[in-house]
Amino acid sequence: MRLRSKLAIKCAKGTSTLIKKLNRGSGVTLPGYVARLIDPNILSEMSSQIREKTIVTMGTNGKTTTNAILYKALEAEGKTVIINRTGANMLNGIISAFVLATDKKGELHADYACIEVDEIASVRVLPQLKPDCALLTNISRDQLDRFGEVDITFDKLKTAVTSVPDTTLIINCDDILSYSLAESSKNPYVTYGISEQIFDDISRSEIRESIFCRNCGKKLEYDFFHYGQLGLYHCPNCGWKRPVPDYTAQNITLSDEVYSFDLEGMYIHSTARTPYNIYNTLSAHAALCALKADHTHFREMIESFDYGNNREDIFTINGARVQLHLSKNPIGFQQKISLILKDPNPKDIIIQINDTYQDGEDVSWLWDVDFQYLADSSAVSITTTGTRKHDMGLRLKYEDIPCTSTDDLRSRVIELTENGTKNLYIIVNYSGLYRTNRMLKELANPQNHSQEGGKQA
């Protein structure tokens, strides 16, 4: 390894240690910045040391969960795997994942790298990583102030994948945008998709990014929609159509709030509570198969896999069942509304909307979500909170759905778990996720938290 690279690694690791000692964060982004200042080629240097394969996961929805599935599947086979597990998916965070995984000599010992990559960052990251495969979950609208309209995201991803022409693409062919990207990129690709109609009317909604043929521009015809523009489509004009997928999930059933399905000869009784996580499981399996990676223990791994990933968690607080869910764009929010309506019991709902850089400062996407379904959700109360709580309240007002607002989420949770329906749903966007998760853990285990505080004191 070059001397400059060794110095970059040493300084980056020192930066991470200092950040943690000063309790100024998790230290998973700034170290990468420091390493890159010293050695601009540090990511290329590090990625070349991976012994077997590098997999990147991109897409608007599902990439963090899919990347975690890949990591767990390879780990179950005894492989050493690097992952940017905290979701630090920009260039500096990805560099940090590599440099912080080195030993005391600054050397990397890893069989695989599973790296989640932000779509906008992909143009800079992929040429340095030169991944063996790039998994694309879907392309839809997300954070308008960062990504703009969906065609901008499409163009960024196309530029990224064509810069690594030997990289095999793992493509959701139910998504016309992803599939047309694969066709036009000239990269080798394999497809995955679901041919059964498993999403309900609420999930499907009317949110469509594009339903026009990417070849001739005519309006596509659909046998059915899964959600958004995903589904079984064909063009009546030029004949372009959704292909038969190389990998698929079949015989999908929902029982006791979780899904079971057949996956390429394996019957899986998963812990997935949303049909979208079937896509995540299928895409990871397709990637492993395409790479010819050992996944002998995939079934037993996935049947115990925690799809929550801190983004879907269930707590018991004051005898109440409290569910926390992340939703950060129209498609994701529509899935959560569908989940809520599958529960016929009386419930309380809290919706937190923030507008930090992480969330996206433009919250106009709230008007693309079909909130009218919440009128039939058996909600006894709906509370809005966060920096854009009044925008959320106005959106509900236009659907004639009553709500209240609060600046004190903790007190509201305590009040509802003590005196409410004992069935509380909390939906947050990104910046509120980990803070709210920590708060709910404290409320669920007050004795443990008190003991920890005493030890720290």
# chains A, B, ... in the order shown; residues from 1 in each chain; ligands from 1
$ residues_around --residues "Ile194 of chain A" --least-positions-apart "3" --cutoff "10 Å" --atoms "only C-alpha atoms" --output "list in words"
Asn172, Cys173, Asp174, Gln197, Ile198, His226, Leu230, Gly231, Leu232, Val244, Pro245, Tyr247, Thr248, Ala249, Gln250, Ile252, Ile278, Tyr279 and Leu282 of chain A
$ residues_around --residues "segment 3-10 of chain A" --least-positions-apart "2" --cutoff "9 Å" --atoms "only C-alpha atoms" --output "PyMOL selection string"
chain A and resi 1+12-15+31-32+34-39+41-42+45-46+99-100+102+104-107
$ write_last_selection --atoms "N, CA and C atoms" --output "PDB file, in the first residue's frame"
ATOM      1  N   MET A   1       0.835  -1.192   0.000  1.00  0.00           N
ATOM      2  CA  MET A   1       0.000   0.000   0.000  1.00  0.00           C
ATOM      3  C   MET A   1       0.879   1.254   0.000  1.00  0.00           C
ATOM      4  N   ALA A  12      -7.650   9.199   9.543  1.00  0.00           N
ATOM      5  CA  ALA A  12      -9.102   8.980   9.572  1.00  0.00           C
ATOM      6  C   ALA A  12      -9.515   8.240  10.834  1.00  0.00           C
ATOM      7  N   LYS A  13      -8.760   7.215  11.196  1.00  0.00           N
ATOM      8  CA  LYS A  13      -9.086   6.454  12.404  1.00  0.00           C
ATOM      9  C   LYS A  13      -8.884   7.301  13.655  1.00  0.00           C
ATOM     10  N   GLY A  14      -7.882   8.154  13.640  1.00  0.00           N
ATOM     11  CA  GLY A  14      -7.685   9.069  14.764  1.00  0.00           C
ATOM     12  C   GLY A  14      -8.826  10.054  14.892  1.00  0.00           C
ATOM     13  N   THR A  15      -9.334  10.524  13.769  1.00  0.00           N
ATOM     14  CA  THR A  15     -10.479  11.441  13.767  1.00  0.00           C
ATOM     15  C   THR A  15     -11.713  10.772  14.363  1.00  0.00           C
ATOM     16  N   PRO A  31     -14.337  11.026   9.185  1.00  0.00           N
ATOM     17  CA  PRO A  31     -13.098  10.290   8.894  1.00  0.00           C
ATOM     18  C   PRO A  31     -12.877  10.064   7.397  1.00  0.00           C
ATOM     19  N   GLY A  32     -13.949   9.805   6.679  1.00  0.00           N
ATOM     20  CA  GLY A  32     -13.827   9.624   5.234  1.00  0.00           C
ATOM     21  C   GLY A  32     -13.393  10.892   4.537  1.00  0.00           C
ATOM     22  N   VAL A  34     -11.555  13.275   5.898  1.00  0.00           N
ATOM     23  CA  VAL A  34     -10.146  13.451   6.235  1.00  0.00           C
ATOM     24  C   VAL A  34      -9.270  12.543   5.361  1.00  0.00           C
ATOM     25  N   ALA A  35      -9.669  11.285   5.233  1.00  0.00           N
ATOM     26  CA  ALA A  35      -8.901  10.343   4.415  1.00  0.00           C
ATOM     27  C   ALA A  35      -8.821  10.799   2.966  1.00  0.00           C
ATOM     28  N   ARG A  36      -9.915  11.322   2.448  1.00  0.00           N
ATOM     29  CA  ARG A  36      -9.955  11.755   1.048  1.00  0.00           C
ATOM     30  C   ARG A  36      -9.104  13.010   0.817  1.00  0.00           C
ATOM     31  N   LEU A  37      -9.028  13.887   1.834  1.00  0.00           N
ATOM     32  CA  LEU A  37      -8.168  15.063   1.703  1.00  0.00           C
ATOM     33  C   LEU A  37      -6.704  14.661   1.550  1.00  0.00           C
ATOM     34  N   ILE A  38      -6.316  13.645   2.303  1.00  0.00           N
ATOM     35  CA  ILE A  38      -4.916  13.214   2.279  1.00  0.00           C
ATOM     36  C   ILE A  38      -4.622  12.370   1.044  1.00  0.00           C
ATOM     37  N   ASP A  39      -5.549  11.496   0.711  1.00  0.00           N
ATOM     38  CA  ASP A  39      -5.362  10.619  -0.450  1.00  0.00           C
ATOM     39  C   ASP A  39      -6.644  10.590  -1.271  1.00  0.00           C
ATOM     40  N   ASN A  41      -7.377   9.154  -3.846  1.00  0.00           N
ATOM     41  CA  ASN A  41      -7.644   7.843  -4.450  1.00  0.00           C
ATOM     42  C   ASN A  41      -7.850   6.743  -3.411  1.00  0.00           C
ATOM     43  N   ILE A  42      -8.144   7.152  -2.181  1.00  0.00           N
ATOM     44  CA  ILE A  42      -8.203   6.175  -1.095  1.00  0.00           C
ATOM     45  C   ILE A  42      -9.293   5.138  -1.309  1.00  0.00           C
ATOM     46  N   GLU A  45      -8.147   2.533  -3.762  1.00  0.00           N
ATOM     47  CA  GLU A  45      -7.122   1.720  -3.114  1.00  0.00           C
ATOM     48  C   GLU A  45      -7.756   0.682  -2.196  1.00  0.00           C
ATOM     49  N   MET A  46      -8.721   1.125  -1.399  1.00  0.00           N
ATOM     50  CA  MET A  46      -9.363   0.221  -0.436  1.00  0.00           C
ATOM     51  C   MET A  46     -10.204  -0.841  -1.127  1.00  0.00           C
ATOM     52  N   VAL A  99     -12.028   2.505   5.527  1.00  0.00           N
ATOM     53  CA  VAL A  99     -10.813   2.804   6.293  1.00  0.00           C
ATOM     54  C   VAL A  99     -10.951   2.400   7.753  1.00  0.00           C
ATOM     55  N   LEU A 100     -12.163   2.504   8.314  1.00  0.00           N
ATOM     56  CA  LEU A 100     -12.352   2.142   9.712  1.00  0.00           C
ATOM     57  C   LEU A 100     -12.385   0.626   9.917  1.00  0.00           C
ATOM     58  N   THR A 102     -10.046  -1.329   8.649  1.00  0.00           N
ATOM     59  CA  THR A 102      -8.673  -1.831   8.520  1.00  0.00           C
ATOM     60  C   THR A 102      -8.108  -2.230   9.880  1.00  0.00           C
ATOM     61  N   LYS A 104      -4.627  -2.744  12.580  1.00  0.00           N
ATOM     62  CA  LYS A 104      -3.678  -1.777  13.145  1.00  0.00           C
ATOM     63  C   LYS A 104      -2.596  -1.384  12.153  1.00  0.00           C
ATOM     64  N   LYS A 105      -2.358  -2.235  11.171  1.00  0.00           N
ATOM     65  CA  LYS A 105      -1.364  -1.933  10.154  1.00  0.00           C
ATOM     66  C   LYS A 105      -1.964  -1.179   8.971  1.00  0.00           C
ATOM     67  N   GLY A 106      -3.271  -0.889   9.057  1.00  0.00           N
ATOM     68  CA  GLY A 106      -3.930  -0.196   7.961  1.00  0.00           C
ATOM     69  C   GLY A 106      -4.275  -1.092   6.799  1.00  0.00           C
ATOM     70  N   GLU A 107      -4.313  -2.397   7.049  1.00  0.00           N
ATOM     71  CA  GLU A 107      -4.626  -3.351   5.982  1.00  0.00           C
ATOM     72  C   GLU A 107      -6.059  -3.849   6.101  1.00  0.00           C
TER      73      GLU A 107
END
$ residues_around --residues "segment 384-393 of chain A" --least-positions-apart "3" --cutoff "10 Å" --atoms "only C-alpha atoms" --output "PyMOL selection string"
chain A and resi 349-356+361+363-364+366-367+396-398+401-409+412+426-429+431-432
$ closest_atom_pairs --of "segment 128-222 of chain A" --to "segment 62-66 of chain A" --cutoff "9 Å" --atoms "only C-alpha atoms" --output "CSV"
residue,atom,partner,partner_atom,distance
A:Leu135,CA,A:Lys63,CA,8.7
A:Leu136,CA,A:Lys63,CA,8.1
A:Thr137,CA,A:Gly62,CA,6.5
A:Asn138,CA,A:Gly62,CA,8.3
$ residues_around --residues "Arg242 of chain A" --least-positions-apart "5" --cutoff "12 Å" --atoms "only C-alpha atoms" --output "ChimeraX atom specification"
/A:171-180,183,191-195,213-214,220-224,229-235
$ atom_distance --atom1 "atom CA of Leu424 of chain A" --atom2 "atom CA of Trp365 of chain A"
24.4 Å
$ residues_around --residues "Pro275 of chain A" --least-positions-apart "4" --cutoff "12 Å" --atoms "only C-alpha atoms" --output "PyMOL selection string"
chain A and resi 62+194+196-200+203-204+226-227+249+252-254+257-261+270-271+279-282+307+332+335-336+338-339
$ select_by_dssp --residues "segment 43-235 of chain A" --states "alpha helix (DSSP H)" --output "CSV table (one decimal) with N, CA and C atoms, in the first residue's frame"
chain,number,residue,atom,x,y,z
A,43,LEU,N,-10.5,5.5,-1.9
A,43,LEU,CA,-11.5,4.5,-2.0
A,43,LEU,C,-11.1,3.5,-3.1
A,44,SER,N,-10.5,3.9,-4.2
A,44,SER,CA,-10.1,3.0,-5.2
A,44,SER,C,-9.0,2.0,-4.6
A,45,GLU,N,-8.1,2.5,-3.8
A,45,GLU,CA,-7.1,1.7,-3.1
A,45,GLU,C,-7.8,0.7,-2.2
A,46,MET,N,-8.7,1.1,-1.4
A,46,MET,CA,-9.4,0.2,-0.4
A,46,MET,C,-10.2,-0.8,-1.1
A,47,SER,N,-11.0,-0.4,-2.1
A,47,SER,CA,-11.9,-1.4,-2.8
A,47,SER,C,-11.1,-2.5,-3.5
A,63,LYS,N,-33.2,0.4,-0.1
A,63,LYS,CA,-31.8,0.1,-0.3
A,63,LYS,C,-31.1,-0.3,1.1
A,64,THR,N,-31.5,0.4,2.1
A,64,THR,CA,-30.9,0.1,3.4
A,64,THR,C,-31.2,-1.4,3.9
A,65,THR,N,-32.5,-1.7,3.8
A,65,THR,CA,-32.9,-3.1,4.2
A,65,THR,C,-32.3,-4.1,3.2
A,66,THR,N,-32.3,-3.9,1.9
A,66,THR,CA,-31.7,-4.8,1.0
A,66,THR,C,-30.2,-5.0,1.2
A,67,ASN,N,-29.5,-3.9,1.5
A,67,ASN,CA,-28.1,-4.0,1.8
A,67,ASN,C,-27.8,-4.8,3.1
A,68,ALA,N,-28.7,-4.7,4.1
A,68,ALA,CA,-28.5,-5.4,5.3
A,68,ALA,C,-28.8,-6.9,5.1
A,69,ILE,N,-29.7,-7.2,4.2
A,69,ILE,CA,-30.0,-8.7,3.9
A,69,ILE,C,-28.8,-9.3,3.2
A,70,LEU,N,-28.2,-8.6,2.3
A,70,LEU,CA,-27.0,-9.1,1.6
A,70,LEU,C,-25.9,-9.3,2.6
A,71,TYR,N,-25.7,-8.4,3.5
A,71,TYR,CA,-24.7,-8.5,4.5
A,71,TYR,C,-24.9,-9.7,5.4
A,72,LYS,N,-26.1,-9.9,5.9
A,72,LYS,CA,-26.4,-11.0,6.8
A,72,LYS,C,-26.3,-12.3,6.0
A,73,ALA,N,-26.7,-12.4,4.8
A,73,ALA,CA,-26.6,-13.6,4.0
A,73,ALA,C,-25.2,-14.1,3.8
A,74,LEU,N,-24.3,-13.1,3.5
A,74,LEU,CA,-22.9,-13.5,3.3
A,74,LEU,C,-22.2,-13.8,4.7
A,75,GLU,N,-22.6,-13.1,5.7
A,75,GLU,CA,-22.1,-13.3,7.0
A,75,GLU,C,-22.4,-14.7,7.5
A,76,ALA,N,-23.7,-15.2,7.1
A,76,ALA,CA,-24.1,-16.5,7.5
A,76,ALA,C,-23.3,-17.6,6.9
A,91,LEU,N,-20.2,9.8,-0.4
A,91,LEU,CA,-18.9,9.4,-0.6
A,91,LEU,C,-18.0,9.3,0.7
A,92,ASN,N,-18.1,10.3,1.5
A,92,ASN,CA,-17.3,10.3,2.8
A,92,ASN,C,-17.7,9.2,3.7
A,93,GLY,N,-19.0,8.9,3.8
A,93,GLY,CA,-19.4,7.8,4.7
A,93,GLY,C,-19.0,6.4,4.1
A,94,ILE,N,-19.0,6.3,2.8
A,94,ILE,CA,-18.5,5.0,2.2
A,94,ILE,C,-17.0,4.8,2.4
A,95,ILE,N,-16.2,5.9,2.2
A,95,ILE,CA,-14.8,5.8,2.5
A,95,ILE,C,-14.6,5.4,4.0
A,96,SER,N,-15.3,6.0,4.9
A,96,SER,CA,-15.2,5.7,6.3
A,96,SER,C,-15.4,4.3,6.6
A,97,ALA,N,-16.4,3.7,5.9
A,97,ALA,CA,-16.7,2.2,6.1
A,97,ALA,C,-15.5,1.4,5.8
A,98,PHE,N,-14.7,1.7,4.8
A,98,PHE,CA,-13.5,1.0,4.4
A,98,PHE,C,-12.4,1.2,5.3
A,99,VAL,N,-12.0,2.5,5.5
A,99,VAL,CA,-10.8,2.8,6.3
A,99,VAL,C,-11.0,2.4,7.8
A,122,SER,N,-23.8,8.4,-6.6
A,122,SER,CA,-23.4,7.2,-7.4
A,122,SER,C,-22.4,7.6,-8.5
A,123,VAL,N,-22.6,8.8,-9.1
A,123,VAL,CA,-21.7,9.2,-10.2
A,123,VAL,C,-20.3,9.3,-9.8
A,124,ARG,N,-20.0,9.7,-8.5
A,124,ARG,CA,-18.6,9.8,-8.0
A,124,ARG,C,-18.2,8.4,-7.4
A,125,VAL,N,-19.1,7.7,-6.8
A,125,VAL,CA,-18.7,6.5,-6.1
A,125,VAL,C,-18.4,5.3,-7.0
A,126,LEU,N,-19.3,5.0,-7.9
A,126,LEU,CA,-19.1,3.8,-8.7
A,126,LEU,C,-17.8,3.7,-9.5
A,127,PRO,N,-17.3,4.7,-10.1
A,127,PRO,CA,-16.1,4.6,-10.8
A,127,PRO,C,-14.9,4.3,-9.9
A,128,GLN,N,-15.0,4.6,-8.6
A,128,GLN,CA,-13.9,4.3,-7.7
A,128,GLN,C,-14.1,2.9,-7.1
A,129,LEU,N,-15.3,2.5,-6.9
A,129,LEU,CA,-15.5,1.2,-6.3
A,129,LEU,C,-15.4,0.1,-7.3
A,144,LEU,N,-37.3,16.5,-3.2
A,144,LEU,CA,-37.3,17.3,-4.5
A,144,LEU,C,-36.2,18.3,-4.5
A,145,ASP,N,-35.9,18.9,-3.3
A,145,ASP,CA,-34.8,19.9,-3.3
A,145,ASP,C,-33.4,19.3,-3.6
A,146,ARG,N,-33.2,18.0,-3.3
A,146,ARG,CA,-32.0,17.4,-3.6
A,146,ARG,C,-32.0,16.7,-5.0
A,147,PHE,N,-33.0,15.9,-5.3
A,147,PHE,CA,-33.0,15.1,-6.5
A,147,PHE,C,-33.7,15.8,-7.7
A,150,VAL,N,-37.9,13.0,-11.2
A,150,VAL,CA,-37.3,11.7,-11.3
A,150,VAL,C,-36.4,11.5,-12.4
A,151,ASP,N,-36.6,12.2,-13.5
A,151,ASP,CA,-35.7,12.0,-14.7
A,151,ASP,C,-34.3,12.5,-14.4
A,152,ILE,N,-34.1,13.4,-13.4
A,152,ILE,CA,-32.7,13.7,-13.0
A,152,ILE,C,-32.1,12.6,-12.3
A,153,THR,N,-32.8,11.9,-11.4
A,153,THR,CA,-32.3,10.7,-10.7
A,153,THR,C,-31.9,9.6,-11.8
A,154,PHE,N,-32.8,9.4,-12.7
A,154,PHE,CA,-32.6,8.4,-13.8
A,154,PHE,C,-31.3,8.7,-14.5
A,155,ASP,N,-31.1,10.0,-14.9
A,155,ASP,CA,-29.9,10.3,-15.7
A,155,ASP,C,-28.6,10.2,-14.8
A,156,LYS,N,-28.7,10.5,-13.5
A,156,LYS,CA,-27.5,10.3,-12.7
A,156,LYS,C,-27.2,8.8,-12.6
A,157,LEU,N,-28.2,8.0,-12.3
A,157,LEU,CA,-27.9,6.6,-12.2
A,157,LEU,C,-27.4,6.0,-13.5
A,158,LYS,N,-27.9,6.4,-14.6
A,158,LYS,CA,-27.4,5.9,-15.9
A,158,LYS,C,-26.0,6.3,-16.2
A,159,THR,N,-25.6,7.6,-15.8
A,159,THR,CA,-24.2,8.0,-15.9
A,159,THR,C,-23.3,7.1,-15.1
A,160,ALA,N,-23.8,6.8,-13.9
A,160,ALA,CA,-23.0,6.0,-12.9
A,160,ALA,C,-22.8,4.6,-13.4
A,161,VAL,N,-23.8,3.9,-13.9
A,161,VAL,CA,-23.6,2.5,-14.3
A,161,VAL,C,-22.9,2.4,-15.6
A,162,THR,N,-23.1,3.3,-16.5
A,162,THR,CA,-22.3,3.2,-17.7
A,162,THR,C,-20.9,3.6,-17.6
A,176,ILE,N,-40.7,0.4,-14.7
A,176,ILE,CA,-40.3,0.7,-16.1
A,176,ILE,C,-39.1,1.6,-16.2
A,177,LEU,N,-38.9,2.4,-15.2
A,177,LEU,CA,-37.7,3.3,-15.2
A,177,LEU,C,-36.4,2.5,-15.0
A,178,SER,N,-36.4,1.6,-14.0
A,178,SER,CA,-35.2,0.8,-13.8
A,178,SER,C,-34.9,-0.1,-15.0
A,179,TYR,N,-36.0,-0.7,-15.5
A,179,TYR,CA,-35.8,-1.7,-16.6
A,179,TYR,C,-35.3,-1.0,-17.9
A,180,SER,N,-35.8,0.2,-18.2
A,180,SER,CA,-35.4,1.0,-19.4
A,180,SER,C,-34.0,1.5,-19.2
A,181,LEU,N,-33.6,1.8,-17.9
A,181,LEU,CA,-32.2,2.1,-17.7
A,181,LEU,C,-31.2,1.0,-18.0
A,182,ALA,N,-31.6,-0.2,-17.6
A,182,ALA,CA,-30.8,-1.4,-17.8
A,182,ALA,C,-30.6,-1.6,-19.3
A,183,GLU,N,-31.8,-1.5,-20.0
A,183,GLU,CA,-31.7,-1.8,-21.5
A,183,GLU,C,-30.8,-0.8,-22.2
A,184,SER,N,-30.9,0.5,-21.8
A,184,SER,CA,-30.1,1.5,-22.5
A,184,SER,C,-28.7,1.7,-22.0
A,185,SER,N,-28.3,1.0,-20.9
A,185,SER,CA,-27.0,1.2,-20.3
A,185,SER,C,-25.9,0.4,-21.0
A,201,ASP,N,-55.3,-1.8,-2.8
A,201,ASP,CA,-55.7,-0.5,-3.5
A,201,ASP,C,-55.0,0.7,-2.8
A,202,ILE,N,-54.9,0.6,-1.5
A,202,ILE,CA,-54.3,1.8,-0.8
A,202,ILE,C,-52.8,1.9,-1.1
A,203,SER,N,-52.1,0.8,-1.2
A,203,SER,CA,-50.7,0.8,-1.5
A,203,SER,C,-50.5,1.3,-3.0
A,204,ARG,N,-51.4,0.8,-3.8
A,204,ARG,CA,-51.2,1.1,-5.3
A,204,ARG,C,-51.4,2.6,-5.5
$ atom_distance --atom1 "atom CA of Ala287 of chain A" --atom2 "atom CA of Leu433 of chain A"
28.6 Å
$ atom_distance --atom1 "atom CA of His295 of chain A" --atom2 "atom CA of Lys79 of chain A"
10.6 Å
